[in-house]
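J.: Dropping the structure in here first, questions after.
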Amino acid sequence: MFVDARAELHAPKQEIALLANALNLLVPMSTDDGGFHGPSIEEFFPGALLFGGTPFEINRITLVRIVAVVALLLVFWLGTRKMRLVPGRFQSLVEMGLDLVRVNIADDLLGKKDGKRFLPILTTIFFMVLFMNLTGVIPFLNIAGTSVIGVPLVLAIVAYVAFIYAGVKKNPKNFFKNSLFPSGVPWPVYIIVTPIELISTFIIRPVTLTLRLMMNMIVGHLLLVLFFAATSFFVVQLGGWWTLLGVGSLAFGLVFTLFEILVAVLQAYVFALLTAVYIQLAVAEEH
Amino acid sequence: MLHAVLSAATEAAEENMSPVVPEPYDIIGSAICFVIILVFFWKYALPRVQKMLDERAEAIEGNIAKADEAQRKAEAALEEYTAQLADARAEAGRIRETAREDGKKIVAEAREQASGEAARITAGAQAQIEAERQSALVSLRSEVGTLAIDLASGVIGESLSDDRKAQNVVDRFLAELEASEQAAAGGKK
């Protein structure tokens, strides 16, 4: 638990540092060279396309998210429309995806009973994050729906509410007491332990869930844009022998595209897994 | 540091462009997406998957039970057939044994009957022979008597018409003959 907490404490710092480094690299390039248009943070603040200024504003990111949601609904509607006992290829694939959450996350961590209770939330989190992450590498969408804080924050709040609800439901009187005052500790230690537990359990958890996902997607997007913008710059604007460098940056772009697919799956898995872990810690008898 | 970098990067925009400050529309849009997907999974997709998984488990269990049942039936049938075969063999053996005994009995009966018949025929033949011998003897005696009387009549010239007398003569004669025969037979012995 403490190791976990420490890892959580470090994780956002690392990610923020990573982002800062990436931005440090990008900023001088975009200011030094007038001909090169590097990526900037402005990409995550696109202009409104519809209903600008209202709570239902639609911009590029929102549009990408809608596409992701429609794709998700379509895939799982087609995959579960006619369920057969002996599955076809497509049903097998859909089942494999759902089994990943059901077996490897829900049942493994929460057991059969609690796993079934929280399965809809975990499944939704996993596939919403996965589909919105994958839009980052899909041509013409090219930006992750999770790279703007809305989705990560909403899902982190869902996870937060879910694990507090699970704990309170399981142990209505003692959940907060067990969380903040772990048993088996002499009382003076509570002076140190209780603030740490309070911060790590009720503040750090949602913050890390949000930032881990969002920063990964932002940095991934900036890297891809950097490589492809550099390729375009070398080949189109400079030409000549610079084309060779363009080939190199294109290759790196392709490698990082594959890497981004891995990151997309991994972040979705991590988000769903951590949600399950938090719920499991909350419903565990001994905290 | 992050803030410095971000502000440097976004100087031109002259707005508050921090990626960690959410816009209301962003939160609302994300929440709507989440609710749509949650309801879809919760009310549509996952129940269907669960139902299918239950059905699949049931089907697999059913098939296993069915296979067990079939196996059990096949074994029972095999046992029954084996028992029936053994019964049939025993039955056949018994029938064969009975038939053999019956055959023996029939042969013995036939033999007995045949030998009885033969004995009866033999006895009948002997009786007939005896009867014929007797009748021959009787007829021979009467004929011999007549001949003897005729001969004697011829010899003595006197008709032995008196039957009583004639009969006496014949009887005497024959008695003497028999006596002489017996004497001869006894002498031979």
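FYI, nothing fancy with the structure tokens labels: chains A, B, ... in order, residues from 1 per chain, ligands from 1 as they appear.
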Residues of chain B near chain A: apply a cut-off of 7 Å, count only C-alpha atoms, and supply the list as a list of chain:residue names.

T.: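 Listed by rising number, the hits are B:Leu2, B:Val5, B:Ala9, B:Thr10, B:Pro19, B:Val20, B:Pro22, B:Pro24, B:Tyr25, B:Asp26, B:Ile27, B:Ile28, B:Gly29, B:Ser30, B:Ala31, B:Cys33, B:Ile37, B:Leu38, B:Phe41, B:Trp42, B:Ala45, B:Arg48, B:Val49, B:Met52, B:Arg56.
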
J.: Put those residues in a file: N, CA and C atoms, as a PDB file, in the first residue's frame.

T.:
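The file below, part.pdb, is the result:
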```
ATOM      1  N   LEU B   2       6.413  24.015 -15.077  1.00  0.00           N
ATOM      2  CA  LEU B   2       5.405  23.664 -16.072  1.00  0.00           C
ATOM      3  C   LEU B   2       4.644  24.902 -16.508  1.00  0.00           C
ATOM      4  N   VAL B   5       6.676  27.086 -18.779  1.00  0.00           N
ATOM      5  CA  VAL B   5       6.760  26.535 -20.135  1.00  0.00           C
ATOM      6  C   VAL B   5       5.460  26.745 -20.874  1.00  0.00           C
ATOM      7  N   ALA B   9       4.728  28.926 -24.107  1.00  0.00           N
ATOM      8  CA  ALA B   9       4.231  28.306 -25.329  1.00  0.00           C
ATOM      9  C   ALA B   9       2.939  28.938 -25.802  1.00  0.00           C
ATOM     10  N   THR B  10       2.230  29.531 -24.892  1.00  0.00           N
ATOM     11  CA  THR B  10       0.899  30.017 -25.262  1.00  0.00           C
ATOM     12  C   THR B  10       0.810  31.531 -25.149  1.00  0.00           C
ATOM     13  N   PRO B  19      -3.765  23.127 -19.712  1.00  0.00           N
ATOM     14  CA  PRO B  19      -4.485  21.884 -20.046  1.00  0.00           C
ATOM     15  C   PRO B  19      -5.161  21.242 -18.837  1.00  0.00           C
ATOM     16  N   VAL B  20      -4.818  21.706 -17.631  1.00  0.00           N
ATOM     17  CA  VAL B  20      -5.434  21.073 -16.463  1.00  0.00           C
ATOM     18  C   VAL B  20      -6.658  21.827 -15.957  1.00  0.00           C
ATOM     19  N   PRO B  22     -10.366  22.573 -16.649  1.00  0.00           N
ATOM     20  CA  PRO B  22     -11.419  22.090 -17.549  1.00  0.00           C
ATOM     21  C   PRO B  22     -12.408  23.191 -17.920  1.00  0.00           C
ATOM     22  N   PRO B  24     -16.351  24.068 -18.999  1.00  0.00           N
ATOM     23  CA  PRO B  24     -17.642  23.415 -18.677  1.00  0.00           C
ATOM     24  C   PRO B  24     -18.133  22.497 -19.788  1.00  0.00           C
ATOM     25  N   TYR B  25     -18.026  22.955 -21.041  1.00  0.00           N
ATOM     26  CA  TYR B  25     -18.546  22.128 -22.145  1.00  0.00           C
ATOM     27  C   TYR B  25     -17.780  20.816 -22.236  1.00  0.00           C
ATOM     28  N   ASP B  26     -16.470  20.864 -21.888  1.00  0.00           N
ATOM     29  CA  ASP B  26     -15.617  19.681 -21.933  1.00  0.00           C
ATOM     30  C   ASP B  26     -16.141  18.638 -20.941  1.00  0.00           C
ATOM     31  N   ILE B  27     -16.399  19.092 -19.723  1.00  0.00           N
ATOM     32  CA  ILE B  27     -16.896  18.186 -18.679  1.00  0.00           C
ATOM     33  C   ILE B  27     -18.262  17.633 -19.065  1.00  0.00           C
ATOM     34  N   ILE B  28     -19.142  18.516 -19.533  1.00  0.00           N
ATOM     35  CA  ILE B  28     -20.501  18.076 -19.864  1.00  0.00           C
ATOM     36  C   ILE B  28     -20.470  17.068 -21.015  1.00  0.00           C
ATOM     37  N   GLY B  29     -19.691  17.405 -22.054  1.00  0.00           N
ATOM     38  CA  GLY B  29     -19.585  16.483 -23.201  1.00  0.00           C
ATOM     39  C   GLY B  29     -19.051  15.138 -22.777  1.00  0.00           C
ATOM     40  N   SER B  30     -17.986  15.148 -21.956  1.00  0.00           N
ATOM     41  CA  SER B  30     -17.391  13.888 -21.506  1.00  0.00           C
ATOM     42  C   SER B  30     -18.375  13.084 -20.689  1.00  0.00           C
ATOM     43  N   ALA B  31     -19.110  13.792 -19.819  1.00  0.00           N
ATOM     44  CA  ALA B  31     -20.076  13.098 -18.966  1.00  0.00           C
ATOM     45  C   ALA B  31     -21.169  12.460 -19.814  1.00  0.00           C
ATOM     46  N   CYS B  33     -20.887  11.446 -22.942  1.00  0.00           N
ATOM     47  CA  CYS B  33     -20.266  10.272 -23.579  1.00  0.00           C
ATOM     48  C   CYS B  33     -20.242   9.105 -22.610  1.00  0.00           C
ATOM     49  N   ILE B  37     -22.223   5.459 -22.978  1.00  0.00           N
ATOM     50  CA  ILE B  37     -21.508   4.183 -23.061  1.00  0.00           C
ATOM     51  C   ILE B  37     -21.871   3.295 -21.874  1.00  0.00           C
ATOM     52  N   LEU B  38     -21.980   3.920 -20.684  1.00  0.00           N
ATOM     53  CA  LEU B  38     -22.316   3.139 -19.485  1.00  0.00           C
ATOM     54  C   LEU B  38     -23.675   2.466 -19.645  1.00  0.00           C
ATOM     55  N   PHE B  41     -23.509  -0.398 -22.202  1.00  0.00           N
ATOM     56  CA  PHE B  41     -22.896  -1.627 -21.690  1.00  0.00           C
ATOM     57  C   PHE B  41     -23.764  -2.274 -20.616  1.00  0.00           C
ATOM     58  N   TRP B  42     -24.290  -1.417 -19.733  1.00  0.00           N
ATOM     59  CA  TRP B  42     -24.999  -1.900 -18.552  1.00  0.00           C
ATOM     60  C   TRP B  42     -26.311  -2.572 -18.930  1.00  0.00           C
ATOM     61  N   ALA B  45     -25.286  -4.473 -23.751  1.00  0.00           N
ATOM     62  CA  ALA B  45     -24.229  -5.403 -24.179  1.00  0.00           C
ATOM     63  C   ALA B  45     -23.904  -6.451 -23.118  1.00  0.00           C
ATOM     64  N   ARG B  48     -26.480  -9.224 -22.438  1.00  0.00           N
ATOM     65  CA  ARG B  48     -26.513 -10.190 -23.542  1.00  0.00           C
ATOM     66  C   ARG B  48     -25.329 -11.136 -23.461  1.00  0.00           C
ATOM     67  N   VAL B  49     -24.147 -10.555 -23.167  1.00  0.00           N
ATOM     68  CA  VAL B  49     -22.950 -11.390 -23.073  1.00  0.00           C
ATOM     69  C   VAL B  49     -23.115 -12.385 -21.928  1.00  0.00           C
ATOM     70  N   MET B  52     -25.433 -15.115 -22.848  1.00  0.00           N
ATOM     71  CA  MET B  52     -24.793 -16.056 -23.775  1.00  0.00           C
ATOM     72  C   MET B  52     -23.805 -16.944 -23.027  1.00  0.00           C
ATOM     73  N   ARG B  56     -23.910 -20.839 -22.775  1.00  0.00           N
ATOM     74  CA  ARG B  56     -22.774 -21.648 -23.243  1.00  0.00           C
ATOM     75  C   ARG B  56     -22.357 -22.642 -22.155  1.00  0.00           C
TER      76      ARG B  56
END
```

J.: Interatomic distance between atom CA of Ser153 of chain B and atom CA of Val169 of chain B?

T.: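 Atom CA of Val169 of chain B lies at a distance of 11.5 Å from atom CA of Ser153 of chain B.
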
J.: Can you pull out every residue within 8 Å of segment 255-260 of chain A, counting only C-alpha atoms, but drop anything in the same chain fewer than 2 positions away, and send it as a list of chain:residue names?

T.: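 Answer for this query is A:Gly136, A:Val137, A:Gly220, A:Leu223, A:Leu224, A:Ala251, A:Phe252, A:Gly253, A:Leu262, A:Val263, A:Ala264.
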
J.: A:Leu109, A:Ile138, A:Ala229, A:Val235: which is nearest Thr275 of chain A, counting only C-alpha atoms?

T.: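 For Thr275 of chain A, the nearest of the candidates is A:Leu109.
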
J.: How many Å separate atom CA of Val103 of chain A from atom CA of Leu130 of chain A?

T.: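 We find that atom CA of Val103 of chain A and atom CA of Leu130 of chain A lie 17.4 Å from each other.
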
J.: Select, from A:Leu245, A:Val225, A:Val193, A:Leu281, the residue with the minimum atom-to-atom distance to Lys170 of chain A, counting only C-alpha atoms.

T.: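 Of the candidates, the smallest distance to Lys170 of chain A is held by A:Leu281.
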
J.: Neighbours of segment 128-141 of chain B within 12 Å (only C-alpha atoms; same-chain residues fewer than 5 positions away dropped), as a PyMOL selection string?

T.: chain B and resi 120-123+146-149+167+170-171+173-175+177-178

J.: With N, CA and C atoms retained, export the selected residues as a CSV table (one decimal), in the first residue's frame.

T.:
```csv
chain,number,residue,atom,x,y,z
B,120,ARG,N,-41.0,-111.1,-30.5
B,120,ARG,CA,-42.4,-111.4,-30.7
B,120,ARG,C,-42.6,-112.2,-32.0
B,121,ILE,N,-41.9,-111.7,-33.0
B,121,ILE,CA,-42.0,-112.4,-34.4
B,121,ILE,C,-41.5,-113.8,-34.2
B,122,THR,N,-40.3,-113.9,-33.6
B,122,THR,CA,-39.7,-115.2,-33.4
B,122,THR,C,-40.7,-116.1,-32.7
B,123,ALA,N,-41.3,-115.6,-31.6
B,123,ALA,CA,-42.2,-116.4,-30.8
B,123,ALA,C,-43.4,-116.8,-31.6
B,146,THR,N,-55.6,-144.3,-41.3
B,146,THR,CA,-56.4,-144.7,-42.4
B,146,THR,C,-55.6,-145.7,-43.3
B,147,LEU,N,-54.4,-145.2,-43.6
B,147,LEU,CA,-53.5,-146.1,-44.4
B,147,LEU,C,-53.3,-147.4,-43.7
B,148,ALA,N,-53.0,-147.4,-42.5
B,148,ALA,CA,-52.7,-148.6,-41.8
B,148,ALA,C,-53.9,-149.5,-41.7
B,149,ILE,N,-55.1,-148.9,-41.5
B,149,ILE,CA,-56.4,-149.7,-41.5
B,149,ILE,C,-56.6,-150.3,-42.8
B,167,GLN,N,-60.4,-147.7,-34.4
B,167,GLN,CA,-59.7,-146.7,-33.6
B,167,GLN,C,-58.8,-147.3,-32.6
B,170,VAL,N,-55.8,-148.7,-34.2
B,170,VAL,CA,-54.8,-147.6,-34.6
B,170,VAL,C,-54.1,-147.0,-33.3
B,171,ASP,N,-54.8,-146.8,-32.3
B,171,ASP,CA,-54.2,-146.2,-31.1
B,171,ASP,C,-53.2,-147.1,-30.5
B,173,PHE,N,-51.6,-149.3,-32.1
B,173,PHE,CA,-50.4,-149.4,-33.1
B,173,PHE,C,-49.5,-148.2,-32.9
B,174,LEU,N,-50.2,-147.1,-32.8
B,174,LEU,CA,-49.4,-145.9,-32.6
B,174,LEU,C,-48.7,-145.8,-31.3
B,175,ALA,N,-49.3,-146.2,-30.3
B,175,ALA,CA,-48.7,-146.3,-29.0
B,175,ALA,C,-47.5,-147.2,-29.0
B,177,LEU,N,-45.8,-147.9,-31.6
B,177,LEU,CA,-44.8,-147.1,-32.5
B,177,LEU,C,-44.0,-146.1,-31.7
B,178,GLU,N,-44.8,-145.4,-30.9
B,178,GLU,CA,-44.2,-144.3,-30.1
B,178,GLU,C,-43.2,-144.9,-29.1
```
